[in-house]
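Q: Here you go, final16.txt (compact mmCIF, C-alpha atoms):
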# COMPACT_ATOMS: atom_id res chain seq x y z
CA MET I 1233 50.84 179.54 -85.32
CA ALA I 1234 52.99 182.59 -86.17
CA GLY I 1235 51.27 185.07 -88.46
CA GLU I 1236 47.92 183.30 -88.42
CA HIS I 1237 46.17 186.67 -88.15
CA ARG I 1238 47.12 189.98 -89.75
CA LEU I 1239 46.54 192.50 -86.97
CA LEU I 1240 45.62 192.90 -83.32
CA LEU I 1241 44.49 196.30 -82.08
CA HIS I 1242 44.78 195.86 -78.36
CA ASN I 1243 43.36 197.52 -75.27
CA ALA I 1244 41.67 200.61 -76.75
CA GLN I 1245 40.18 203.07 -74.28
CA GLN I 1246 37.10 203.21 -76.52
CA LEU I 1247 36.13 200.98 -79.45
CA VAL I 1248 33.29 202.56 -81.42
CA LEU I 1249 31.47 199.66 -83.08
CA ILE I 1250 28.50 201.74 -84.38
CA CYS I 1251 26.35 198.58 -84.78
CA THR I 1252 26.37 195.08 -83.27
CA LYS I 1253 23.56 193.22 -85.08
CA GLY I 1254 24.46 193.59 -88.75
CA GLU I 1255 22.16 196.58 -89.27
CA LYS I 1256 22.31 197.90 -92.84
CA TYR I 1257 21.53 201.45 -91.64
CA LEU I 1258 20.48 203.31 -88.50
CA LEU I 1259 17.48 205.57 -88.06
CA GLN I 1260 17.32 208.37 -85.50
CA ALA I 1261 16.96 206.23 -82.35
CA GLY I 1262 19.80 203.91 -83.36
CA MET I 1263 22.04 206.80 -84.34
CA GLN I 1264 21.63 208.36 -80.91
CA ASN I 1265 22.69 205.15 -79.14
CA LEU I 1266 25.88 203.97 -80.82
CA ALA I 1267 27.58 200.79 -79.63
CA VAL I 1268 30.83 201.66 -77.81
CA LEU I 1269 33.08 199.26 -75.84
CA ASP I 1270 35.60 200.35 -73.22
CA ASN I 1271 39.00 198.62 -72.86
CA ALA I 1272 38.48 196.62 -76.03
CA SER I 1273 40.42 194.87 -78.80
CA VAL I 1274 39.93 193.98 -82.47
CA VAL I 1275 41.35 191.02 -84.43
CA ILE I 1276 41.72 191.23 -88.23
CA GLY I 1277 42.51 188.12 -90.27
CA LYS I 1278 44.76 187.57 -93.25
CA ASP I 1279 41.77 188.01 -95.56
CA GLY I 1280 41.47 191.61 -94.31
CA CYS I 1281 38.21 190.95 -92.46
CA ILE I 1282 37.39 191.35 -88.77
CA LYS I 1283 37.58 188.03 -86.90
CA ALA I 1284 36.80 189.12 -83.36
CA VAL I 1285 35.73 192.18 -81.39
CA GLY I 1286 35.44 192.34 -77.63
CA HIS I 1287 36.82 193.30 -74.26
CA ALA I 1288 40.60 193.20 -74.17
CA ASP I 1289 40.80 190.47 -71.50
CA ALA I 1290 38.50 188.15 -73.46
CA ILE I 1291 40.44 188.67 -76.71
CA HIS I 1292 43.74 188.12 -74.85
CA GLN I 1293 42.48 184.77 -73.53
CA GLN I 1294 41.16 183.69 -76.92
CA PHE I 1295 44.15 184.61 -79.13
CA SER I 1296 47.88 184.09 -78.66
CA GLU I 1297 49.96 187.19 -79.36
CA ALA I 1298 52.33 184.97 -81.35
CA SER I 1299 49.57 184.41 -83.92
CA PHE I 1300 49.61 188.03 -85.14
CA GLU I 1301 51.75 189.55 -87.87
CA LYS I 1302 51.36 192.96 -86.20
CA ILE I 1303 50.12 194.24 -82.84
CA ILE I 1304 49.27 197.86 -82.06
CA ASP I 1305 48.86 198.90 -78.44
CA CYS I 1306 45.87 201.27 -78.35
CA SER I 1307 46.02 202.11 -74.64
CA GLY I 1308 44.48 205.52 -74.02
CA LYS I 1309 43.31 205.73 -77.65
CA CYS I 1310 40.09 205.23 -79.57
CA ILE I 1311 39.32 202.97 -82.51
CA LEU I 1312 36.56 203.97 -84.94
CA PRO I 1313 35.36 202.54 -88.24
CA GLY I 1314 37.00 204.03 -91.31
CA LEU I 1315 34.93 207.01 -92.42
CA VAL I 1316 32.77 206.80 -95.55
CA ASP I 1317 32.43 209.78 -97.89
CA ALA I 1318 29.18 209.27 -99.79
CA HIS I 1319 29.60 212.08 -102.36
CA THR I 1320 32.78 213.32 -104.09
CA HIS I 1321 33.88 214.73 -107.45
CA PRO I 1322 37.63 214.06 -107.18
CA VAL I 1323 38.74 213.61 -110.83
CA TRP I 1324 39.29 216.95 -112.57
CA ALA I 1325 41.85 219.41 -113.90
CA GLY I 1326 41.97 223.19 -113.44
CA ASP I 1327 41.07 224.60 -110.02
CA ARG I 1328 38.51 227.35 -109.49
CA VAL I 1329 40.11 229.37 -106.72
CA HIS I 1330 39.32 232.55 -108.68
CA GLU I 1331 35.59 231.74 -108.42
CA PHE I 1332 35.79 231.71 -104.63
CA ALA I 1333 36.54 235.44 -104.76
CA MET I 1334 33.49 235.93 -107.05
CA LYS I 1335 31.28 234.05 -104.59
CA LEU I 1336 32.57 236.12 -101.68
CA ALA I 1337 31.68 239.25 -103.70
CA GLY I 1338 28.09 238.02 -104.00
CA ALA I 1339 27.92 236.00 -107.24
CA SER I 1340 25.57 233.01 -107.03
CA TYR I 1341 26.35 229.50 -108.27
CA MET I 1342 24.16 230.06 -111.34
CA ASP I 1343 25.68 233.54 -111.97
CA ILE I 1344 29.11 231.94 -112.24
CA HIS I 1345 27.72 229.04 -114.29
CA GLN I 1346 26.10 231.40 -116.81
CA ALA I 1347 29.31 233.48 -117.10
CA GLY I 1348 31.14 230.41 -118.45
CA GLY I 1349 32.58 229.41 -115.11
CA GLY I 1350 31.54 226.64 -112.80
CA ILE I 1351 31.22 223.16 -114.25
CA HIS I 1352 32.02 224.28 -117.81
CA PHE I 1353 35.38 225.77 -116.77
CA THR I 1354 36.35 222.44 -115.19
CA VAL I 1355 34.97 220.48 -118.16
CA GLU I 1356 37.18 222.42 -120.57
CA HIS I 1357 40.33 221.71 -118.52
CA THR I 1358 39.40 218.08 -117.86
CA GLN I 1359 38.75 217.39 -121.53
CA LYS I 1360 42.27 218.68 -122.36
CA ALA I 1361 44.04 216.81 -119.55
CA SER I 1362 45.77 213.49 -120.16
CA GLU I 1363 44.66 210.33 -118.36
CA GLU I 1364 48.03 210.25 -116.57
CA GLU I 1365 47.65 213.83 -115.35
CA LEU I 1366 44.13 213.14 -114.07
CA PHE I 1367 45.27 209.96 -112.31
CA ASN I 1368 48.16 211.69 -110.56
CA THR I 1369 46.01 214.51 -109.17
CA PHE I 1370 43.24 212.04 -108.23
CA ARG I 1371 45.75 209.81 -106.42
CA HIS I 1372 47.00 212.80 -104.41
CA ARG I 1373 43.45 213.78 -103.44
CA LEU I 1374 42.57 210.22 -102.40
CA LEU I 1375 45.68 210.14 -100.21
CA ARG I 1376 44.57 213.34 -98.48
CA MET I 1377 41.13 211.81 -97.92
CA LEU I 1378 42.75 208.68 -96.43
CA ARG I 1379 44.86 210.77 -94.06
CA ALA I 1380 41.63 212.44 -92.90
CA GLY I 1381 40.17 209.00 -92.11
CA THR I 1382 38.15 208.21 -95.25
CA THR I 1383 38.54 204.54 -96.21
CA LEU I 1384 35.59 204.31 -98.65
CA ALA I 1385 34.71 207.13 -101.04
CA GLU I 1386 32.11 207.51 -103.75
CA CYS I 1387 33.89 208.98 -106.80
CA LYS I 1388 32.03 210.56 -109.72
CA SER I 1389 32.83 211.31 -113.31
CA GLY I 1390 30.93 214.31 -114.72
CA TYR I 1391 33.52 216.81 -115.94
CA GLY I 1392 33.66 215.32 -119.43
CA LEU I 1393 30.05 215.53 -120.63
CA ASN I 1394 31.16 213.93 -123.92
CA LEU I 1395 31.55 210.15 -124.06
CA GLU I 1396 35.31 210.19 -124.64
CA THR I 1397 36.13 212.29 -121.56
CA GLU I 1398 33.56 210.60 -119.31
CA LEU I 1399 35.16 207.25 -120.15
CA LYS I 1400 38.61 208.75 -119.53
CA MET I 1401 37.48 209.79 -116.04
CA LEU I 1402 35.93 206.39 -115.33
CA ARG I 1403 39.15 204.65 -116.45
CA VAL I 1404 41.10 206.85 -114.02
CA ILE I 1405 38.72 205.87 -111.20
CA GLU I 1406 39.07 202.19 -112.20
CA GLN I 1407 42.87 202.46 -112.22
CA ALA I 1408 42.78 203.90 -108.70
CA ARG I 1409 40.38 201.16 -107.57
CA ARG I 1410 42.85 198.52 -108.75
CA LEU I 1411 46.16 200.11 -107.72
CA LEU I 1412 45.49 202.09 -104.55
CA ASP I 1413 44.50 201.15 -101.01
CA SER I 1414 41.30 203.20 -101.00
CA ASN I 1415 37.90 201.58 -101.36
CA ILE I 1416 35.97 203.25 -104.17
CA SER I 1417 32.33 203.31 -105.33
CA SER I 1418 32.38 204.51 -108.94
CA THR I 1419 29.62 206.78 -110.28
CA TYR I 1420 28.85 207.72 -113.87
CA CYS I 1421 27.71 211.38 -113.82
CA GLY I 1422 27.62 212.27 -117.50
CA ALA I 1423 24.44 214.27 -116.79
CA HIS I 1424 26.28 216.70 -114.49
CA SER I 1425 25.56 219.60 -116.85
CA VAL I 1426 24.19 220.16 -120.34
CA PRO I 1427 27.16 220.29 -122.73
CA LYS I 1428 27.67 223.34 -124.90
CA GLY I 1429 25.94 222.97 -128.27
CA LYS I 1430 23.16 220.72 -126.94
CA ASN I 1431 19.90 221.25 -125.11
CA ALA I 1432 18.86 219.01 -122.21
CA THR I 1433 16.73 216.70 -124.37
CA GLU I 1434 19.55 216.22 -126.89
CA ALA I 1435 22.03 215.57 -124.07
CA THR I 1436 19.62 213.06 -122.52
CA ASP I 1437 19.22 211.23 -125.84
CA ASP I 1438 23.01 211.11 -126.27
CA ILE I 1439 23.48 209.63 -122.80
CA ILE I 1440 20.77 206.99 -123.26
CA ASN I 1441 21.65 206.04 -126.84
CA ASN I 1442 25.46 206.31 -126.75
CA HIS I 1443 26.97 206.64 -123.26
CA LEU I 1444 25.02 203.98 -121.36
CA PRO I 1445 25.33 201.20 -124.01
CA LYS I 1446 29.12 201.73 -123.99
CA LEU I 1447 29.19 201.66 -120.18
CA LYS I 1448 27.23 198.40 -120.21
CA GLU I 1449 29.71 196.90 -122.67
CA LEU I 1450 32.77 197.98 -120.65
CA ASN I 1451 31.19 196.83 -117.37
CA LEU I 1452 30.41 193.40 -118.85
CA SER I 1453 33.95 193.03 -120.25
CA GLY I 1454 35.43 193.94 -116.85
CA GLU I 1455 37.38 196.87 -118.28
CA ILE I 1456 35.71 199.22 -115.82
CA HIS I 1457 33.37 198.72 -112.85
CA VAL I 1458 30.73 201.42 -112.49
CA ASN I 1459 28.36 201.14 -109.51
CA ASN I 1460 26.04 204.16 -109.62
CA ILE I 1461 24.31 206.56 -111.99
CA ASP I 1462 23.91 210.25 -111.18
CA VAL I 1463 22.06 213.21 -112.75
CA PHE I 1464 22.06 216.88 -111.70
CA CYS I 1465 18.29 217.36 -111.51
CA GLU I 1466 18.01 221.15 -111.41
CA LYS I 1467 16.26 224.10 -113.00
CA GLY I 1468 18.20 225.10 -116.12
CA VAL I 1469 20.08 221.77 -116.16
CA PHE I 1470 18.16 218.44 -116.36
CA ASP I 1471 14.44 218.66 -115.62
CA LEU I 1472 12.42 215.94 -113.93
CA ASN I 1473 11.48 214.18 -117.17
CA CYS I 1474 15.06 214.06 -118.51
CA THR I 1475 16.28 212.93 -115.08
CA ARG I 1476 13.71 210.14 -114.96
CA ARG I 1477 14.68 208.89 -118.43
CA ILE I 1478 18.42 208.79 -117.66
CA LEU I 1479 18.06 207.21 -114.22
CA GLN I 1480 15.64 204.57 -115.49
CA ALA I 1481 17.99 203.69 -118.36
CA GLY I 1482 20.90 203.43 -115.92
CA LYS I 1483 18.90 201.19 -113.60
CA GLU I 1484 18.12 198.91 -116.55
CA ILE I 1485 21.84 198.23 -117.08
CA GLY I 1486 22.32 197.43 -113.40
CA LEU I 1487 23.48 200.75 -111.93
CA GLN I 1488 22.30 201.98 -108.53
CA ILE I 1489 20.44 205.29 -108.66
CA ASN I 1490 22.28 207.91 -106.61
CA PHE I 1491 21.68 211.47 -107.83
CA HIS I 1492 21.76 215.24 -107.12
CA GLY I 1493 18.32 216.59 -106.27
CA ASP I 1494 16.38 219.54 -104.82
CA GLU I 1495 19.54 221.59 -104.25
CA LEU I 1496 18.86 225.09 -105.59
CA HIS I 1497 15.17 224.81 -106.45
CA PRO I 1498 12.37 222.44 -105.38
CA MET I 1499 12.24 219.94 -108.26
CA LYS I 1500 10.33 216.99 -106.73
CA SER I 1501 13.58 215.02 -107.05
CA ALA I 1502 13.00 213.23 -103.75
CA GLU I 1503 9.57 212.06 -104.87
CA LEU I 1504 11.12 210.81 -108.13
CA GLY I 1505 13.85 208.96 -106.22
CA GLY I 1506 11.25 207.23 -104.07
CA GLU I 1507 9.30 206.23 -107.17
CA LEU I 1508 12.36 204.83 -109.00
CA GLY I 1509 13.79 202.98 -105.98
CA ALA I 1510 16.88 205.20 -105.70
CA GLN I 1511 19.57 204.08 -103.27
CA ALA I 1512 20.37 207.69 -102.37
CA ILE I 1513 19.77 211.35 -103.24
CA SER I 1514 22.25 214.12 -102.41
CA HIS I 1515 21.85 217.79 -101.43
CA LEU I 1516 18.08 218.15 -100.73
CA GLU I 1517 18.28 221.73 -99.41
CA GLU I 1518 14.91 222.41 -101.11
CA ILE I 1519 13.17 219.08 -100.40
CA SER I 1520 9.37 219.13 -99.95
CA ASP I 1521 7.37 217.51 -97.14
CA GLU I 1522 6.12 214.96 -99.66
CA GLY I 1523 9.71 214.27 -100.71
CA ILE I 1524 10.76 213.57 -97.12
CA ALA I 1525 7.87 211.12 -96.74
CA ALA I 1526 8.70 209.43 -100.06
CA MET I 1527 12.36 208.93 -99.11
CA ALA I 1528 11.49 207.56 -95.67
CA SER I 1529 9.02 205.10 -97.18
CA ALA I 1530 11.42 203.95 -99.92
CA LYS I 1531 14.41 203.61 -97.53
CA CYS I 1532 16.29 205.98 -99.86
CA ALA I 1533 19.30 207.56 -98.12
CA ALA I 1534 19.58 211.35 -97.91
CA VAL I 1535 23.24 212.30 -98.47
CA LEU I 1536 23.53 215.71 -96.86
CA LEU I 1537 26.46 217.98 -97.73
CA PRO I 1538 27.00 220.60 -95.02
CA THR I 1539 30.20 221.96 -96.63
CA THR I 1540 28.30 222.87 -99.80
CA ALA I 1541 25.54 224.71 -97.96
CA TYR I 1542 28.23 226.49 -95.94
CA MET I 1543 30.42 227.53 -98.88
CA LEU I 1544 27.59 228.45 -101.27
CA ARG I 1545 25.61 230.14 -98.47
CA LEU I 1546 22.58 227.99 -99.20
CA LYS I 1547 19.96 227.22 -96.61
CA GLN I 1548 20.92 224.22 -94.53
CA PRO I 1549 19.42 220.80 -95.33
CA GLN I 1550 16.66 219.86 -92.87
CA ALA I 1551 18.57 217.11 -91.09
CA ARG I 1552 16.48 217.22 -87.90
CA ARG I 1553 13.21 217.06 -89.82
CA MET I 1554 14.43 214.15 -91.95
CA LEU I 1555 15.64 212.23 -88.92
CA LYS I 1556 12.33 212.77 -87.14
CA GLU I 1557 10.38 211.55 -90.18
CA GLY I 1558 12.40 208.33 -90.48
CA VAL I 1559 14.78 209.15 -93.34
CA ILE I 1560 18.18 207.40 -93.46
CA VAL I 1561 20.58 210.36 -93.15
CA ALA I 1562 24.13 210.07 -94.49
CA LEU I 1563 26.92 212.61 -95.00
CA GLY I 1564 29.34 213.44 -97.81
CA SER I 1565 32.03 216.04 -98.40
CA ASP I 1566 30.97 216.98 -101.96
CA PHE I 1567 34.70 217.45 -102.61
CA ASN I 1568 34.93 219.30 -105.94
CA PRO I 1569 36.53 222.47 -107.37
CA ASN I 1570 33.52 224.47 -106.14
CA ALA I 1571 33.61 223.15 -102.55
CA TYR I 1572 37.17 222.12 -101.73
CA CYS I 1573 36.88 220.00 -98.61
CA TYR I 1574 37.98 216.37 -98.40
CA SER I 1575 37.78 216.01 -94.60
CA MET I 1576 34.89 214.01 -93.16
CA PRO I 1577 35.78 215.14 -89.60
CA ILE I 1578 35.15 218.74 -90.75
CA VAL I 1579 31.95 217.61 -92.51
CA MET I 1580 30.74 216.00 -89.27
CA HIS I 1581 31.57 219.13 -87.25
CA LEU I 1582 29.58 221.32 -89.68
CA ALA I 1583 26.71 218.82 -89.61
CA CYS I 1584 26.57 219.21 -85.84
CA VAL I 1585 26.91 222.99 -85.70
CA ASN I 1586 24.93 224.05 -88.79
CA MET I 1587 22.46 221.16 -89.26
CA LYS I 1588 21.97 220.59 -85.52
CA MET I 1589 22.92 216.91 -85.58
CA SER I 1590 24.39 215.32 -82.45
CA MET I 1591 27.94 213.94 -82.58
CA ASN I 1592 26.56 210.37 -82.40
CA GLU I 1593 24.21 211.06 -85.31
CA ALA I 1594 26.98 212.65 -87.37
CA LEU I 1595 29.33 209.71 -86.85
CA ALA I 1596 26.62 207.19 -87.80
CA ALA I 1597 25.83 209.32 -90.88
CA ALA I 1598 29.53 209.27 -91.89
CA THR I 1599 29.94 205.52 -91.37
CA ILE I 1600 27.10 202.97 -91.55
CA ASN I 1601 24.57 205.24 -93.27
CA ALA I 1602 27.07 206.60 -95.79
CA ALA I 1603 28.02 202.99 -96.57
CA TYR I 1604 24.30 202.17 -97.01
CA ALA I 1605 23.96 205.11 -99.44
CA LEU I 1606 26.54 203.31 -101.61
CA GLY I 1607 25.00 199.87 -101.16
CA ARG I 1608 28.11 198.78 -99.23
CA SER I 1609 26.97 198.57 -95.59
CA ASP I 1610 27.22 194.78 -95.66
CA MET I 1611 31.03 195.10 -95.47
CA HIS I 1612 31.71 198.72 -94.45
CA GLY I 1613 30.60 201.35 -91.94
CA SER I 1614 30.89 199.53 -88.60
CA ILE I 1615 33.31 197.35 -86.63
CA GLU I 1616 31.63 193.94 -86.62
CA LYS I 1617 32.83 190.38 -87.11
CA GLY I 1618 32.93 189.49 -90.81
CA LYS I 1619 33.19 193.06 -92.08
CA GLN I 1620 36.23 194.49 -93.83
CA GLY I 1621 38.95 195.61 -91.40
CA ASP I 1622 38.89 199.35 -92.20
CA LEU I 1623 39.55 201.41 -89.07
CA ILE I 1624 41.11 204.56 -87.75
CA ILE I 1625 42.92 205.03 -84.45
CA ILE I 1626 42.86 208.45 -82.83
CA ASN I 1627 45.18 209.61 -80.09
CA SER I 1628 42.52 210.61 -77.62
CA SER I 1629 40.67 208.91 -74.78
CA ARG I 1630 37.25 209.96 -76.15
CA TRP I 1631 36.14 209.43 -79.74
CA GLU I 1632 34.19 212.70 -79.84
CA HIS I 1633 37.46 214.62 -80.19
CA LEU I 1634 37.43 213.67 -83.89
CA ILE I 1635 34.40 215.97 -84.33
CA TYR I 1636 34.96 218.41 -81.48
CA GLN I 1637 38.41 219.51 -82.66
CA PHE I 1638 37.40 221.53 -85.72
CA GLY I 1639 40.13 221.03 -88.30
CA GLY I 1640 42.17 219.01 -85.79
CA HIS I 1641 42.13 215.62 -87.49
CA GLN I 1642 45.70 215.99 -88.83
CA GLU I 1643 47.02 215.85 -85.26
CA LEU I 1644 44.47 213.34 -83.95
CA ILE I 1645 44.45 210.50 -86.48
CA GLU I 1646 47.42 208.26 -85.71
CA TYR I 1647 46.67 205.25 -87.92
CA VAL I 1648 44.47 204.56 -90.94
CA ILE I 1649 43.97 200.85 -91.59
CA VAL I 1650 42.42 199.25 -94.69
CA LYS I 1651 41.81 195.49 -94.84
CA GLY I 1652 43.91 195.10 -91.73
CA LYS I 1653 46.95 196.83 -93.25
CA VAL I 1654 48.35 200.08 -91.88
CA ILE I 1655 48.27 202.39 -94.90
CA TYR I 1656 48.96 205.61 -92.99
CA LYS I 1657 50.86 206.17 -89.76
CA ASN I 1658 51.04 209.76 -88.57
CA GLU I 1659 54.53 210.24 -87.15
CA SER I 1660 53.67 213.74 -85.90
CA VAL I 1661 50.99 212.60 -83.43
CA MET I 1662 51.94 213.22 -79.82
CA GLY I 1663 50.12 212.27 -76.66
CA TYR I 1664 48.11 214.80 -74.70
Mind turning the file's structure into structure tokens?

A:
Amino acid sequence: MAGEHRLLLHNAQQLVLICTKGEKYLLQAGMQNLAVLDNASVVIGKDGCIKAVGHADAIHQQFSEASFEKIIDCSGKCILPGLVDAHTHPVWAGDRVHEFAMKLAGASYMDIHQAGGGIHFTVEHTQKASEEELFNTFRHRLLRMLRAGTTLAECKSGYGLNLETELKMLRVIEQARRLLDSNISSTYCGAHSVPKGKNATEATDDIINNHLPKLKELNLSGEIHVNNIDVFCEKGVFDLNCTRRILQAGKEIGLQINFHGDELHPMKSAELGGELGAQAISHLEEISDEGIAAMASAKCAAVLLPTTAYMLRLKQPQARRMLKEGVIVALGSDFNPNAYCYSMPIVMHLACVNMKMSMNEALAAATINAAYALGRSDMHGSIEKGKQGDLIIINSSRWEHLIYQFGGHQELIEYVIVKGKVIYKNESVMGY
């Protein structure tokens, strides 16, 4: 029957499945042995989900070409799962390009923060910005992420700090979730910094007594859909006790715990995450041995951010140690005004070079494990029957070129597909 299926991707040189058995995440051994098919095809149905995956000849025998709305010949090309960015701050106004010069001259993150820059500079501009202005810049950033292969992104609030602006940011994220092709996991991050005029305890009380009850109300009414709760657990920001109180209160209204921890100072954040049943913790440059063990035991994902360590000249997260000890390692871009990188191919390259991950490990960390960090690996992060049809096609005969070509994704990525629909076709791609 004509148009019975939405899309056939036919005869790919390599089809990178990642998983084949419905795994929710991969540990070190699984990451090193990714499932890859040669000369393979993918069928995506009208519901946007994958109906069949297999060798091209078998798919050709099983499905009539007349049954597809669209067919893409992938000869000589590679198909990979859409990339998953497990940590971004993409809704804000006012860039901080001037702070980059300060950092290059030797100023630390906290030096800039204490001089009235950093988060507070962005907060001031975001509070003044209209919802329409924030949506338009956010939409543009999401489009750039899509063109770099990201089909699912975690998106945080956190540049409001007061209830009014935090809700404004969350409404912008909700509007994008409804109107745009990107898949979004929405995170409330009202505890990103202590607002001016409050101390950490007062800010914590405000979040628990005012912000979270309002979020619960808006979530229940369907006005917004917030998935995760985040806190910046750091010396001089929110201490361990404040962090525990906020995360616990968020968990009680049904939010997944997914927070910043052990970035600039050892805070025992990883141990806290294990104790509270956190889905994921990000940064972890200063994680302790006990924290690594706690995260491995609790199956709490470590979202490592190699761009941040690179740009802030921090010590690199201990990816190899975490992998060896059985931690679920994921990757994120940490896209924000302080670390302006939206490209997961660049993130994977830096993970390989600076954190000593293999290319297989980096790809697994940017697909199935990043999806797990968001609680979404049931439908995202691999090319398997029944999962959402989110894929990228690169114009190369080996998938590793996506990581190997540092900064080369703009020429490599030919198609980005979400739910079986081509949402980006790169007209500039030429064969090699």

Q: Find the distance between atom CA of Glu1484 of chain I and atom CA of Asp1471 of chain I and write it in Å to one decimal.

A: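 Separating atom CA of Glu1484 of chain I from atom CA of Asp1471 of chain I is a distance of 20.1 Å.
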
Q: Could you work out how far atom CA of Gly1564 of chain I lies from atom CA of Val1285 of chain I, giving the answer in Å with one decimal?

A: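 One can read the atom CA of Val1285 of chain I to atom CA of Gly1564 of chain I distance as 27.6 Å.
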
Q: Which value, in Å to one decimal, gives the distance between atom CA of Lys1483 of chain I and atom CA of Ala1502 of chain I?

A: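 Between atom CA of Lys1483 of chain I and atom CA of Ala1502 of chain I the gap works out to 16.6 Å.
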
Q: Is it possible to get the residues within 12 Å of (14.4, 200.6, -107.2) (coordinates as in the file, counting only C-alpha atoms) written as JSON, numbers by chain?

A: {"I": [1479, 1480, 1482, 1483, 1484, 1486, 1487, 1488, 1489, 1490, 1504, 1505, 1506, 1507, 1508, 1509, 1510, 1511, 1512, 1527, 1530, 1531, 1532]}

Q: Using only C-alpha atoms, which of I:Ile1478, I:Leu1634, I:Ala1432, I:Val1463 sits nearest Leu1444 of chain I?

A: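 For Leu1444 of chain I, the nearest of the given residues is I:Ile1478.
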
Q: Excluding segment 1340-1348 of chain I and its own-chain neighbours fewer than 4 positions away, which residues fall within 8 Å of it when counting only C-alpha atoms? Please give them as a VMD selection string.

A: chain I and resid 1331 1334 to 1335 1352 to 1353 1544

Q: Enumerate, in order of chain and increasing residue number, the residues of segment 1240-1311 of chain I with an atom no farther than 12 Å from segment 1585-1607 of chain I, each with its shortest atom pair and distance in Å to one decimal, counting all atoms listed in the file, as a tab-separated table.

A:
residue	atom	partner	partner_atom	distance
I:Val1248	CA	I:Leu1595	CA	9.8
I:Leu1249	CA	I:Ile1600	CA	10.1
I:Ile1250	CA	I:Ala1596	CA	6.7
I:Cys1251	CA	I:Ile1600	CA	8.1
I:Thr1252	CA	I:Ile1600	CA	11.5
I:Gly1254	CA	I:Ile1600	CA	10.1
I:Glu1255	CA	I:Ile1600	CA	8.4
I:Lys1256	CA	I:Tyr1604	CA	6.3
I:Tyr1257	CA	I:Asn1601	CA	5.1
I:Leu1258	CA	I:Asn1601	CA	6.6
I:Leu1259	CA	I:Asn1601	CA	8.8
I:Gln1260	CA	I:Glu1593	CA	7.4
I:Ala1261	CA	I:Glu1593	CA	9.2
I:Gly1262	CA	I:Glu1593	CA	8.6
I:Met1263	CA	I:Glu1593	CA	4.9
I:Gln1264	CA	I:Asn1592	CA	5.5
I:Asn1265	CA	I:Asn1592	CA	7.3
I:Leu1266	CA	I:Asn1592	CA	6.6
I:Ala1267	CA	I:Asn1592	CA	10.0
I:Val1268	CA	I:Asn1592	CA	10.7

Q: Write out as a PyMOL selection string the residues lying within 7 Å of segment 1618-1625 of chain I, counting all atoms listed in the file and excluding same-chain residues fewer than 5 positions away.

A: chain I and resi 1276+1280-1283+1309-1314+1381+1383+1611-1612+1645-1652
